[in-house]
>>> print(open('model14.cif').read())   # mmCIF, C-alpha atoms and all ligand atoms
data_upload
#
loop_
_atom_site.label_atom_id
_atom_site.label_comp_id
_atom_site.auth_asym_id
_atom_site.auth_seq_id
_atom_site.Cartn_x
_atom_site.Cartn_y
_atom_site.Cartn_z
CA MET I 1 0.00 0.00 0.00
CA HIS I 2 1.19 3.53 -0.72
CA THR I 3 2.30 5.32 2.45
CA LEU I 4 1.53 8.79 1.03
CA GLY I 5 4.77 10.08 2.54
CA HIS I 6 3.99 8.90 6.05
CA THR I 7 6.54 7.23 8.35
CA ARG I 8 7.06 6.66 12.09
CA GLY I 9 10.63 7.84 11.50
CA SER I 10 11.53 11.31 12.71
CA HIS I 11 14.54 13.65 12.75
CA ARG I 12 14.71 16.37 15.42
CA ARG I 13 17.59 18.52 16.59
CA ASP I 14 18.50 16.19 19.48
CA HIS I 15 17.35 12.79 18.22
CA LEU I 16 16.72 10.62 15.21
CA LEU I 17 14.31 7.69 14.94
CA LEU I 18 14.84 5.57 11.84
CA THR I 19 12.26 2.93 11.10
CA PRO I 20 13.09 0.13 8.59
CA ASP I 21 10.91 1.71 5.86
CA THR I 22 13.33 4.69 5.75
CA PHE I 23 16.55 2.65 5.37
CA VAL I 24 18.71 3.38 2.33
CA ARG I 25 21.43 0.88 1.34
CA THR I 26 24.83 1.96 0.00
CA PRO I 27 28.11 0.36 -1.09
CA LEU I 28 31.23 1.13 0.97
CA PRO I 29 34.97 0.78 0.34
CA GLY I 30 36.16 -2.49 1.88
CA LEU I 31 32.73 -4.11 1.55
CA THR I 32 32.10 -6.74 -1.14
CA GLY I 33 28.94 -8.79 -1.62
CA GLY I 34 26.93 -6.56 0.68
CA LEU I 35 25.45 -3.15 1.34
CA ALA I 36 25.46 -0.86 4.37
CA ILE I 37 22.62 1.03 5.99
CA VAL I 38 24.34 3.98 7.67
CA HIS I 39 22.06 4.83 10.58
CA VAL I 40 23.97 7.77 12.00
CA ALA I 41 27.25 9.52 11.20
CA PRO I 42 29.09 12.80 11.83
CA GLN I 43 27.04 14.30 8.94
CA ALA I 44 24.05 14.20 11.35
CA GLY I 45 26.00 15.71 14.27
CA ALA I 46 27.14 12.46 15.91
CA ALA I 47 30.77 11.85 16.90
CA PHE I 48 30.57 8.22 15.71
CA THR I 49 29.10 6.13 12.90
CA GLN I 50 26.70 3.25 13.34
CA MET I 51 25.49 1.06 10.52
CA THR I 52 23.99 -2.32 9.73
CA VAL I 53 25.88 -4.24 7.07
CA GLU I 54 23.84 -6.77 5.10
CA PHE I 55 25.90 -9.51 3.43
CA GLU I 56 25.15 -12.09 0.80
CA ALA I 57 26.92 -15.44 1.34
CA ASP I 58 30.68 -14.93 0.65
CA GLY I 59 30.43 -11.15 1.19
CA THR I 60 33.41 -9.60 3.00
CA LEU I 61 34.26 -6.53 5.06
CA THR I 62 37.81 -5.34 5.74
CA GLU I 63 39.07 -2.75 8.22
CA GLY I 64 37.58 0.74 8.23
CA PRO I 65 38.88 4.19 9.12
CA THR I 66 38.79 3.77 12.93
CA GLN I 67 38.42 1.26 15.75
CA ARG I 68 35.28 -0.78 15.30
CA LEU I 69 32.83 -2.98 17.16
CA LEU I 70 30.98 -5.74 15.29
CA TYR I 71 27.82 -7.37 16.67
CA VAL I 72 26.18 -10.18 14.71
CA LEU I 73 22.42 -9.85 14.28
CA GLU I 74 21.88 -12.81 11.97
CA GLY I 75 23.85 -15.43 10.01
CA ASP I 76 27.17 -17.27 10.25
CA LEU I 77 30.46 -15.48 9.62
CA ARG I 78 34.24 -15.94 9.88
CA LEU I 79 36.67 -13.39 11.26
CA GLU I 80 40.37 -13.43 10.42
CA HIS I 81 42.66 -10.82 11.94
CA THR I 82 46.27 -9.82 12.17
CA GLY I 83 48.47 -11.38 14.84
CA SER I 84 46.49 -14.61 15.01
CA ASP I 85 46.28 -17.73 12.87
CA ASP I 86 42.91 -18.55 14.38
CA THR I 87 39.74 -18.11 12.40
CA HIS I 88 36.86 -17.14 14.66
CA THR I 89 33.34 -18.31 13.94
CA LEU I 90 30.61 -15.76 14.63
CA THR I 91 26.87 -16.35 14.96
CA ALA I 92 23.95 -14.25 16.26
CA GLY I 93 25.05 -12.53 19.50
CA SER I 94 28.79 -12.84 18.73
CA TYR I 95 30.76 -9.60 18.85
CA ALA I 96 34.33 -8.44 18.26
CA PHE I 97 36.24 -5.28 19.13
CA LEU I 98 38.87 -4.28 16.58
CA PRO I 99 41.33 -1.55 17.61
CA THR I 100 42.34 1.19 15.15
CA GLY I 101 44.58 -0.19 12.38
CA HIS I 102 43.99 -3.83 13.36
CA ASP I 103 43.81 -5.64 9.98
CA HIS I 104 40.86 -7.98 9.67
CA THR I 105 38.53 -9.65 7.21
CA LEU I 106 34.98 -10.57 8.10
CA THR I 107 33.49 -13.13 5.70
CA ALA I 108 29.84 -14.10 5.59
CA VAL I 109 29.41 -17.88 5.36
CA THR I 110 25.64 -17.47 4.95
CA ALA I 111 23.57 -14.34 4.25
CA SER I 112 24.14 -12.24 7.39
CA ARG I 113 23.44 -8.92 9.10
CA VAL I 114 25.99 -7.23 11.36
CA ALA I 115 25.73 -4.05 13.45
CA VAL I 116 28.92 -1.97 13.16
CA VAL I 117 29.98 0.93 15.39
CA GLU I 118 33.00 3.08 14.44
CA LYS I 119 34.49 5.88 16.54
CA PRO I 120 37.80 7.78 16.29
CA PHE I 121 39.80 6.65 19.35
CA LEU I 122 40.68 9.20 22.04
CA PRO I 123 43.92 8.01 23.71
CA LEU I 124 44.15 8.26 27.47
CA ASP I 125 46.87 10.07 29.37
CA PRO I 126 49.05 7.24 30.87
CA GLU I 127 48.82 8.83 34.33
CA HIS I 128 45.22 7.55 34.54
CA LEU I 129 46.24 3.91 34.06
CA ALA I 130 47.89 1.38 36.35
CA GLU I 131 51.64 1.05 35.70
CA ASP I 132 51.37 -2.28 33.87
CA GLU I 133 48.20 -1.36 31.98
CA ASP I 134 48.32 -0.85 28.23
CA ARG I 135 47.33 2.57 26.89
CA PHE I 136 45.40 1.16 23.94
CA PRO I 137 42.48 -1.25 23.99
CA GLU I 138 43.14 -4.74 22.62
CA PHE I 139 41.32 -7.02 20.16
CA LEU I 140 38.57 -8.96 21.85
CA ILE I 141 35.85 -11.35 20.90
CA GLY I 142 32.89 -12.82 22.77
CA ARG I 143 29.28 -13.90 22.80
CA GLU I 144 26.60 -11.74 24.35
CA GLN I 145 24.84 -14.91 25.58
CA ASP I 146 27.89 -15.71 27.76
CA LEU I 147 28.07 -12.33 29.51
CA PRO I 148 26.93 -11.88 33.11
CA SER I 149 23.97 -9.55 33.52
CA THR I 150 23.60 -6.73 36.02
CA ALA I 151 20.19 -5.61 37.27
CA LEU I 152 20.00 -1.84 36.58
CA ASN I 153 19.52 -0.08 39.93
CA GLY I 154 18.66 -3.47 41.44
CA ASP I 155 15.64 -3.92 39.13
CA GLU I 156 15.58 -7.62 38.15
CA GLY I 157 13.31 -6.70 35.21
CA LEU I 158 16.10 -4.72 33.55
CA GLU I 159 19.24 -6.66 32.61
CA VAL I 160 22.37 -4.92 31.35
CA ARG I 161 25.20 -6.83 29.64
CA ALA I 162 28.44 -4.95 28.89
CA LEU I 163 30.23 -6.09 25.73
CA LEU I 164 33.43 -4.19 26.57
CA PRO I 165 35.42 -4.50 29.82
CA ALA I 166 35.11 -1.79 32.49
CA SER I 167 38.50 -0.19 31.73
CA LEU I 168 39.49 3.39 30.95
CA ARG I 169 41.46 2.05 27.95
CA PHE I 170 38.15 1.91 26.08
CA ASP I 171 36.64 5.26 25.08
CA PHE I 172 33.15 3.92 24.46
CA ALA I 173 30.72 1.41 25.93
CA CYS I 174 28.32 -0.92 24.18
CA ASN I 175 25.71 -2.82 26.14
CA THR I 176 22.58 -4.82 25.61
CA MET I 177 19.59 -3.92 27.77
CA THR I 178 16.76 -6.40 28.20
CA TYR I 179 13.44 -5.23 29.69
CA ALA I 180 10.83 -7.63 31.03
CA PRO I 181 7.35 -6.69 29.77
CA GLY I 182 6.31 -3.59 31.76
CA ALA I 183 9.84 -2.73 32.95
CA SER I 184 11.12 0.80 32.35
CA LEU I 185 14.13 3.05 32.91
CA PRO I 186 13.97 4.29 36.51
CA GLN I 187 14.41 7.95 35.50
CA VAL I 188 14.30 10.29 32.56
CA GLU I 189 18.04 10.36 31.81
CA VAL I 190 19.76 13.52 30.61
CA HIS I 191 23.52 13.10 30.12
CA TYR I 192 26.47 14.39 28.10
CA MET I 193 27.09 11.06 26.37
CA GLU I 194 25.32 10.36 23.07
CA HIS I 195 23.71 7.05 22.15
CA GLY I 196 23.25 4.86 19.11
CA LEU I 197 20.52 2.29 19.75
CA LEU I 198 19.35 -0.66 17.69
CA MET I 199 16.12 -2.29 18.83
CA LEU I 200 16.74 -6.06 18.71
CA ALA I 201 13.48 -7.53 20.04
CA GLY I 202 10.07 -6.57 21.39
CA GLY I 203 9.08 -2.95 21.70
CA GLY I 204 7.64 -0.20 23.83
CA VAL I 205 7.55 3.56 24.11
CA TYR I 206 10.68 5.70 23.84
CA ARG I 207 10.64 9.24 25.15
CA LEU I 208 13.14 11.36 23.18
CA GLY I 209 13.27 15.08 23.96
CA GLU I 210 9.62 16.20 24.22
CA GLN I 211 8.24 13.35 22.06
CA TRP I 212 7.04 9.83 22.92
CA TYR I 213 7.45 7.25 20.12
CA PRO I 214 6.10 3.72 19.70
CA THR I 215 9.27 1.68 19.02
CA ALA I 216 9.73 -1.85 17.71
CA ALA I 217 12.45 -4.37 16.80
CA GLY I 218 14.35 -3.15 13.73
CA ASP I 219 14.22 0.57 14.67
CA PHE I 220 17.36 2.64 15.13
CA ILE I 221 17.59 5.67 17.47
CA TRP I 222 20.29 8.29 17.86
CA MET I 223 20.20 10.42 21.01
CA ALA I 224 22.36 13.54 20.92
CA PRO I 225 24.21 14.64 24.09
CA PHE I 226 21.72 15.83 26.74
CA CYS I 227 18.66 14.45 24.89
CA PRO I 228 16.07 13.61 27.59
CA GLN I 229 15.42 9.85 27.29
CA TRP I 230 13.21 7.23 28.86
CA PHE I 231 11.94 3.78 27.78
CA GLY I 232 9.07 1.62 28.94
CA ALA I 233 8.65 -1.92 27.53
CA LEU I 234 5.19 -2.94 26.29
CA GLY I 235 3.82 -6.22 24.97
CA LYS I 236 4.12 -9.82 26.11
CA VAL I 237 7.76 -10.50 25.22
CA PRO I 238 10.91 -8.82 26.59
CA ALA I 239 12.20 -5.75 24.77
CA LYS I 240 15.91 -5.73 24.03
CA TYR I 241 18.29 -3.20 22.52
CA LEU I 242 21.97 -2.77 21.71
CA ILE I 243 23.18 0.63 22.92
CA TYR I 244 26.41 2.55 22.25
CA LYS I 245 27.67 5.47 24.29
CA ASP I 246 30.90 7.48 24.38
CA PHE I 247 32.46 6.83 27.77
CA ASN I 248 35.50 7.12 30.06
CA ARG I 249 36.79 10.47 28.78
CA HIS I 250 36.69 14.09 29.98
CA THR I 251 34.33 16.24 27.96
CA LEU I 252 37.24 18.54 27.04
CA ALA I 253 39.65 15.68 26.20
O1 LIG D 301 23.56 3.65 29.66
C1 LIG D 301 22.64 4.44 29.50
O2 LIG D 301 22.82 5.67 29.51
C2 LIG D 301 21.24 3.88 29.25
N1 LIG D 301 20.60 3.58 30.51
N2 LIG D 301 20.43 4.78 28.47
C3 LIG D 301 19.31 4.38 27.81
O3 LIG D 301 18.93 3.20 27.92
N3 LIG D 301 18.65 5.30 27.07
MN MN D 302 21.30 6.90 28.51
#
>>> encode(input="model14.cif", output="structure tokens")
Amino acid sequence: MHTLGHTRGSHRRDHLLLTPDTFVRTPLPGLTGGLAIVHVAPQAGAAFTQMTVEFEADGTLTEGPTQRLLYVLEGDLRLEHTGSDDTHTLTAGSYAFLPTGHDHTLTAVTASRVAVVEKPFLPLDPEHLAEDEDRFPEFLIGREQDLPSTALNGDEGLEVRALLPASLRFDFACNTMTYAPGASLPQVEVHYMEHGLLMLAGGGVYRLGEQWYPTAAGDFIWMAPFCPQWFGALGKVPAKYLIYKDFNRHTLA
């Protein structure tokens, strides 16, 4: 049916809601046998880029301009990277952190979809690290299913899983948040960090700035620094999202 120019998607000064009907697919250098949906980028005012890369079987992605986090949404893939003879197998929920300049090739074994976050790295002054601690974050790989969960503010209905270790070496955080039906954020948050959010399952209502939006799996949201934000899960299944934020750095760094 013709939508007559209507969409749930919205772009305001301090937030962006992109619903799947608005997605535009583009080729990218380093990407073969696939297309990227760039959800947010510095062109929109963000200090990072987040995209979903859709691969055909045998499609490949090689290193990009900055450090990168990969999170598999669907499919089976292989990851080869410099400094290791191992080939890692990735399936839904697998993720990998690739430091700046770390050569790698991601190959889709089957048709796949992968969330990709890229952010120029802000090095940390060594005085803020323990003597034996490295100044730069290292390659890491894991499975979201294997991560311990923390109850946000003690609320058992709201599980947070951190993909990256709690270390100042990393200049961003990426978590999954799973809400039991009816669970909600305990406060309207307003903070200096920005967010990129991909709704993975379920849905609910997202408050962004002065608007309240129905939100469902497949939607992408960007929240600019200081965008008032709140989420309440609705429906009979848990709502789950993947959320990026800049982290661990002074605002004037
Ligand atoms: O980590 C966060 O700031 C997170 N609680 N924000 C959000 O879910 N909108
Ligand atoms: Mn937040």
>>> closest_residue(input="model14.cif", among="I:Gly235, I:Gly182, I:Gly45, I:Pro225", to="ligand LIG 301 (chain D)", atoms="only C-alpha atoms and all ligand atoms")
I:Pro225
>>> atom_distance(input="model14.cif", atom1="atom CA of Val38 of chain I", atom2="atom CA of Asp171 of chain I")
21.4 Å
>>> closest_atom_pairs(input="model14.cif", of="chain I", to="ligand MN 302 (chain D)", cutoff="8 Å", atoms="all atoms listed in the file", output="Markdown table")
| residue | atom | partner | partner_atom | distance |
| --- | --- | --- | --- | --- |
| I:Glu189 | CA | D:MN302 | MN | 5.8 |
| I:Val190 | CA | D:MN302 | MN | 7.1 |
| I:His191 | CA | D:MN302 | MN | 6.8 |
| I:Met193 | CA | D:MN302 | MN | 7.4 |
| I:Glu194 | CA | D:MN302 | MN | 7.6 |
| I:His195 | CA | D:MN302 | MN | 6.8 |
| I:Gln229 | CA | D:MN302 | MN | 6.7 |
| I:Lys245 | CA | D:MN302 | MN | 7.8 |
>>> closest_residue(input="model14.cif", among="I:Ala253, I:Ala47, I:Cys227, I:Leu73", to="ligand LIG 301 (chain D)", atoms="only C-alpha atoms and all ligand atoms")
I:Cys227
>>> residues_near_point(input="model14.cif", point="(7.9, -5.3, 32.1)", cutoff="10 Å", atoms="all atoms listed in the file", output="PDB file with C-alpha atoms, in the frame of the given file")
ATOM      1  CA  GLY I 157      13.310  -6.700  35.210  1.00  0.00           C
ATOM      2  CA  LEU I 158      16.100  -4.720  33.550  1.00  0.00           C
ATOM      3  CA  THR I 178      16.760  -6.400  28.200  1.00  0.00           C
ATOM      4  CA  TYR I 179      13.440  -5.230  29.690  1.00  0.00           C
ATOM      5  CA  ALA I 180      10.830  -7.630  31.030  1.00  0.00           C
ATOM      6  CA  PRO I 181       7.350  -6.690  29.770  1.00  0.00           C
ATOM      7  CA  GLY I 182       6.310  -3.590  31.760  1.00  0.00           C
ATOM      8  CA  ALA I 183       9.840  -2.730  32.950  1.00  0.00           C
ATOM      9  CA  SER I 184      11.120   0.800  32.350  1.00  0.00           C
ATOM     10  CA  GLY I 204       7.640  -0.200  23.830  1.00  0.00           C
ATOM     11  CA  GLY I 232       9.070   1.620  28.940  1.00  0.00           C
ATOM     12  CA  ALA I 233       8.650  -1.920  27.530  1.00  0.00           C
ATOM     13  CA  LEU I 234       5.190  -2.940  26.290  1.00  0.00           C
ATOM     14  CA  GLY I 235       3.820  -6.220  24.970  1.00  0.00           C
ATOM     15  CA  LYS I 236       4.120  -9.820  26.110  1.00  0.00           C
ATOM     16  CA  VAL I 237       7.760 -10.500  25.220  1.00  0.00           C
ATOM     17  CA  PRO I 238      10.910  -8.820  26.590  1.00  0.00           C
ATOM     18  CA  ALA I 239      12.200  -5.750  24.770  1.00  0.00           C
TER      19      ALA I 239
END
>>> residues_near_ligand(input="model14.cif", ligand="ligand LIG 301 (chain D)", cutoff="10 Å", atoms="all atoms listed in the file", output="PDB file with C-alpha atoms, keeping the file's coordinate frame")
ATOM      1  CA  LEU I 152      20.000  -1.840  36.580  1.00  0.00           C
ATOM      2  CA  LEU I 158      16.100  -4.720  33.550  1.00  0.00           C
ATOM      3  CA  VAL I 160      22.370  -4.920  31.350  1.00  0.00           C
ATOM      4  CA  ALA I 162      28.440  -4.950  28.890  1.00  0.00           C
ATOM      5  CA  ALA I 173      30.720   1.410  25.930  1.00  0.00           C
ATOM      6  CA  CYS I 174      28.320  -0.920  24.180  1.00  0.00           C
ATOM      7  CA  ASN I 175      25.710  -2.820  26.140  1.00  0.00           C
ATOM      8  CA  THR I 176      22.580  -4.820  25.610  1.00  0.00           C
ATOM      9  CA  MET I 177      19.590  -3.920  27.770  1.00  0.00           C
ATOM     10  CA  THR I 178      16.760  -6.400  28.200  1.00  0.00           C
ATOM     11  CA  SER I 184      11.120   0.800  32.350  1.00  0.00           C
ATOM     12  CA  LEU I 185      14.130   3.050  32.910  1.00  0.00           C
ATOM     13  CA  PRO I 186      13.970   4.290  36.510  1.00  0.00           C
ATOM     14  CA  GLN I 187      14.410   7.950  35.500  1.00  0.00           C
ATOM     15  CA  VAL I 188      14.300  10.290  32.560  1.00  0.00           C
ATOM     16  CA  GLU I 189      18.040  10.360  31.810  1.00  0.00           C
ATOM     17  CA  VAL I 190      19.760  13.520  30.610  1.00  0.00           C
ATOM     18  CA  HIS I 191      23.520  13.100  30.120  1.00  0.00           C
ATOM     19  CA  TYR I 192      26.470  14.390  28.100  1.00  0.00           C
ATOM     20  CA  MET I 193      27.090  11.060  26.370  1.00  0.00           C
ATOM     21  CA  GLU I 194      25.320  10.360  23.070  1.00  0.00           C
ATOM     22  CA  HIS I 195      23.710   7.050  22.150  1.00  0.00           C
ATOM     23  CA  GLY I 196      23.250   4.860  19.110  1.00  0.00           C
ATOM     24  CA  LEU I 197      20.520   2.290  19.750  1.00  0.00           C
ATOM     25  CA  TYR I 206      10.680   5.700  23.840  1.00  0.00           C
ATOM     26  CA  ARG I 207      10.640   9.240  25.150  1.00  0.00           C
ATOM     27  CA  LEU I 208      13.140  11.360  23.180  1.00  0.00           C
ATOM     28  CA  ILE I 221      17.590   5.670  17.470  1.00  0.00           C
ATOM     29  CA  TRP I 222      20.290   8.290  17.860  1.00  0.00           C
ATOM     30  CA  MET I 223      20.200  10.420  21.010  1.00  0.00           C
ATOM     31  CA  CYS I 227      18.660  14.450  24.890  1.00  0.00           C
ATOM     32  CA  PRO I 228      16.070  13.610  27.590  1.00  0.00           C
ATOM     33  CA  GLN I 229      15.420   9.850  27.290  1.00  0.00           C
ATOM     34  CA  TRP I 230      13.210   7.230  28.860  1.00  0.00           C
ATOM     35  CA  PHE I 231      11.940   3.780  27.780  1.00  0.00           C
ATOM     36  CA  TYR I 241      18.290  -3.200  22.520  1.00  0.00           C
ATOM     37  CA  LEU I 242      21.970  -2.770  21.710  1.00  0.00           C
ATOM     38  CA  ILE I 243      23.180   0.630  22.920  1.00  0.00           C
ATOM     39  CA  TYR I 244      26.410   2.550  22.250  1.00  0.00           C
ATOM     40  CA  LYS I 245      27.670   5.470  24.290  1.00  0.00           C
ATOM     41  CA  ASP I 246      30.900   7.480  24.380  1.00  0.00           C
ATOM     42  CA  PHE I 247      32.460   6.830  27.770  1.00  0.00           C
TER      43      PHE I 247
END
>>> closest_residue(input="model14.cif", among="I:Gly154, I:Lys240, I:Arg12, I:Arg169", to="Gly203 of chain I", atoms="only C-alpha atoms")
I:Lys240
>>> atom_distance(input="model14.cif", atom1="atom CA of Thr26 of chain I", atom2="atom CA of Pro120 of chain I")
21.6 Å
>>> closest_residue(input="model14.cif", among="I:His102, I:Leu168, I:Leu198, I:Leu122", to="Gly83 of chain I", atoms="only C-alpha atoms")
I:His102
>>> closest_residue(input="model14.cif", among="I:Leu28, I:Leu147, I:Leu106, I:Leu124", to="Pro65 of chain I", atoms="only C-alpha atoms")
I:Leu28
>>> atom_distance(input="model14.cif", atom1="atom CA of Glu144 of chain I", atom2="atom CA of Pro123 of chain I")
26.3 Å
>>> closest_residue(input="model14.cif", among="I:Glu74, I:Asp14, I:Glu63, I:Asp103", to="Leu200 of chain I", atoms="only C-alpha atoms")
I:Glu74
>>> residues_around(input="model14.cif", residues="Ala96 of chain I", least_positions_apart="5", cutoff="7 Å", atoms="all atoms listed in the file", output="list in words")
Leu69, Leu70, Tyr71, Leu140, Ile141 and Gly142 of chain I
>>> axis_aligned_box(input="model14.cif", around="segment 138-154 of chain I", padding_each_side="5 Å", output="lines of an AutoDock Vina configuration file")
center_x = 30.9
center_y = -7.9
center_z = 30.8
size_x = 34.5
size_y = 25.6
size_z = 31.3
>>> residues_around(input="model14.cif", residues="Ala41 of chain I", least_positions_apart="5", cutoff="9 Å", atoms="only C-alpha atoms", output="PyMOL selection string")
chain I and resi 46-51
>>> residues_around(input="model14.cif", residues="segment 89-93 of chain I", least_positions_apart="2", cutoff="8 Å", atoms="all atoms listed in the file", output="JSON, numbers by chain")
{"I": [71, 72, 73, 74, 75, 76, 77, 78, 79, 87, 95, 143, 144, 145]}
>>> residues_around(input="model14.cif", residues="segment 19-21 of chain I", least_positions_apart="2", cutoff="7 Å", atoms="all atoms listed in the file", output="PyMOL selection string")
chain I and resi 8-9+17+23+218-220
>>> residues_around(input="model14.cif", residues="segment 57-59 of chain I", least_positions_apart="2", cutoff="7 Å", atoms="only C-alpha atoms", output="JSON, numbers by chain")
{"I": [32, 33, 34, 55, 107, 108, 109, 110, 111]}
>>> build_atoms(input="model14.cif", residues="segment 45-68 of chain I", atoms="N, CA and C atoms", output="PDB file, in the coordinates of the input")
ATOM      1  N   GLY I  45      25.645  15.068  12.989  1.00  0.00           N
ATOM      2  CA  GLY I  45      26.000  15.710  14.270  1.00  0.00           C
ATOM      3  C   GLY I  45      26.519  14.738  15.312  1.00  0.00           C
ATOM      4  N   ALA I  46      26.623  13.459  14.963  1.00  0.00           N
ATOM      5  CA  ALA I  46      27.140  12.460  15.910  1.00  0.00           C
ATOM      6  C   ALA I  46      28.670  12.425  15.829  1.00  0.00           C
ATOM      7  N   ALA I  47      29.308  11.970  16.895  1.00  0.00           N
ATOM      8  CA  ALA I  47      30.770  11.850  16.900  1.00  0.00           C
ATOM      9  C   ALA I  47      31.207  10.425  16.567  1.00  0.00           C
ATOM     10  N   PHE I  48      30.287   9.608  16.074  1.00  0.00           N
ATOM     11  CA  PHE I  48      30.570   8.220  15.710  1.00  0.00           C
ATOM     12  C   PHE I  48      29.689   7.856  14.527  1.00  0.00           C
ATOM     13  N   THR I  49      29.946   6.663  13.985  1.00  0.00           N
ATOM     14  CA  THR I  49      29.100   6.130  12.900  1.00  0.00           C
ATOM     15  C   THR I  49      28.537   4.797  13.355  1.00  0.00           C
ATOM     16  N   GLN I  50      27.276   4.582  13.100  1.00  0.00           N
ATOM     17  CA  GLN I  50      26.700   3.250  13.340  1.00  0.00           C
ATOM     18  C   GLN I  50      25.956   2.817  12.098  1.00  0.00           C
ATOM     19  N   MET I  51      26.163   1.576  11.712  1.00  0.00           N
ATOM     20  CA  MET I  51      25.490   1.060  10.520  1.00  0.00           C
ATOM     21  C   MET I  51      25.117  -0.411  10.705  1.00  0.00           C
ATOM     22  N   THR I  52      24.246  -0.879   9.842  1.00  0.00           N
ATOM     23  CA  THR I  52      23.990  -2.320   9.730  1.00  0.00           C
ATOM     24  C   THR I  52      24.497  -2.728   8.364  1.00  0.00           C
ATOM     25  N   VAL I  53      25.376  -3.731   8.347  1.00  0.00           N
ATOM     26  CA  VAL I  53      25.880  -4.240   7.070  1.00  0.00           C
ATOM     27  C   VAL I  53      25.131  -5.527   6.756  1.00  0.00           C
ATOM     28  N   GLU I  54      24.577  -5.579   5.559  1.00  0.00           N
ATOM     29  CA  GLU I  54      23.840  -6.770   5.100  1.00  0.00           C
ATOM     30  C   GLU I  54      24.693  -7.486   4.050  1.00  0.00           C
ATOM     31  N   PHE I  55      25.032  -8.747   4.322  1.00  0.00           N
ATOM     32  CA  PHE I  55      25.900  -9.510   3.430  1.00  0.00           C
ATOM     33  C   PHE I  55      25.121 -10.596   2.701  1.00  0.00           C
ATOM     34  N   GLU I  56      25.534 -10.837   1.466  1.00  0.00           N
ATOM     35  CA  GLU I  56      25.150 -12.090   0.800  1.00  0.00           C
ATOM     36  C   GLU I  56      26.176 -13.127   1.264  1.00  0.00           C
ATOM     37  N   ALA I  57      25.900 -14.429   1.029  1.00  0.00           N
ATOM     38  CA  ALA I  57      26.920 -15.440   1.340  1.00  0.00           C
ATOM     39  C   ALA I  57      28.185 -15.096   0.567  1.00  0.00           C
ATOM     40  N   ASP I  58      29.345 -15.237   1.211  1.00  0.00           N
ATOM     41  CA  ASP I  58      30.680 -14.930   0.650  1.00  0.00           C
ATOM     42  C   ASP I  58      31.013 -13.438   0.635  1.00  0.00           C
ATOM     43  N   GLY I  59      30.117 -12.583   1.090  1.00  0.00           N
ATOM     44  CA  GLY I  59      30.430 -11.150   1.190  1.00  0.00           C
ATOM     45  C   GLY I  59      31.532 -10.936   2.224  1.00  0.00           C
ATOM     46  N   THR I  60      32.311  -9.860   2.062  1.00  0.00           N
ATOM     47  CA  THR I  60      33.410  -9.600   3.000  1.00  0.00           C
ATOM     48  C   THR I  60      33.457  -8.126   3.395  1.00  0.00           C
ATOM     49  N   LEU I  61      34.041  -7.898   4.574  1.00  0.00           N
ATOM     50  CA  LEU I  61      34.260  -6.530   5.060  1.00  0.00           C
ATOM     51  C   LEU I  61      35.670  -6.478   5.642  1.00  0.00           C
ATOM     52  N   THR I  62      36.460  -5.507   5.177  1.00  0.00           N
ATOM     53  CA  THR I  62      37.810  -5.340   5.740  1.00  0.00           C
ATOM     54  C   THR I  62      37.840  -4.039   6.538  1.00  0.00           C
ATOM     55  N   GLU I  63      38.995  -3.828   7.229  1.00  0.00           N
ATOM     56  CA  GLU I  63      39.070  -2.750   8.220  1.00  0.00           C
ATOM     57  C   GLU I  63      38.620  -1.395   7.676  1.00  0.00           C
ATOM     58  N   GLY I  64      38.082  -0.581   8.575  1.00  0.00           N
ATOM     59  CA  GLY I  64      37.580   0.740   8.230  1.00  0.00           C
ATOM     60  C   GLY I  64      38.520   1.821   8.730  1.00  0.00           C
ATOM     61  N   PRO I  65      38.023   3.057   8.789  1.00  0.00           N
ATOM     62  CA  PRO I  65      38.880   4.190   9.120  1.00  0.00           C
ATOM     63  C   PRO I  65      39.267   4.297  10.596  1.00  0.00           C
ATOM     64  N   THR I  66      38.567   3.603  11.484  1.00  0.00           N
ATOM     65  CA  THR I  66      38.790   3.770  12.930  1.00  0.00           C
ATOM     66  C   THR I  66      38.631   2.420  13.628  1.00  0.00           C
ATOM     67  N   GLN I  67      38.790   2.433  14.951  1.00  0.00           N
ATOM     68  CA  GLN I  67      38.420   1.260  15.750  1.00  0.00           C
ATOM     69  C   GLN I  67      36.955   0.936  15.465  1.00  0.00           C
ATOM     70  N   ARG I  68      36.608  -0.316  15.742  1.00  0.00           N
ATOM     71  CA  ARG I  68      35.280  -0.780  15.300  1.00  0.00           C
ATOM     72  C   ARG I  68      34.760  -1.875  16.221  1.00  0.00           C
TER      73      ARG I  68
END
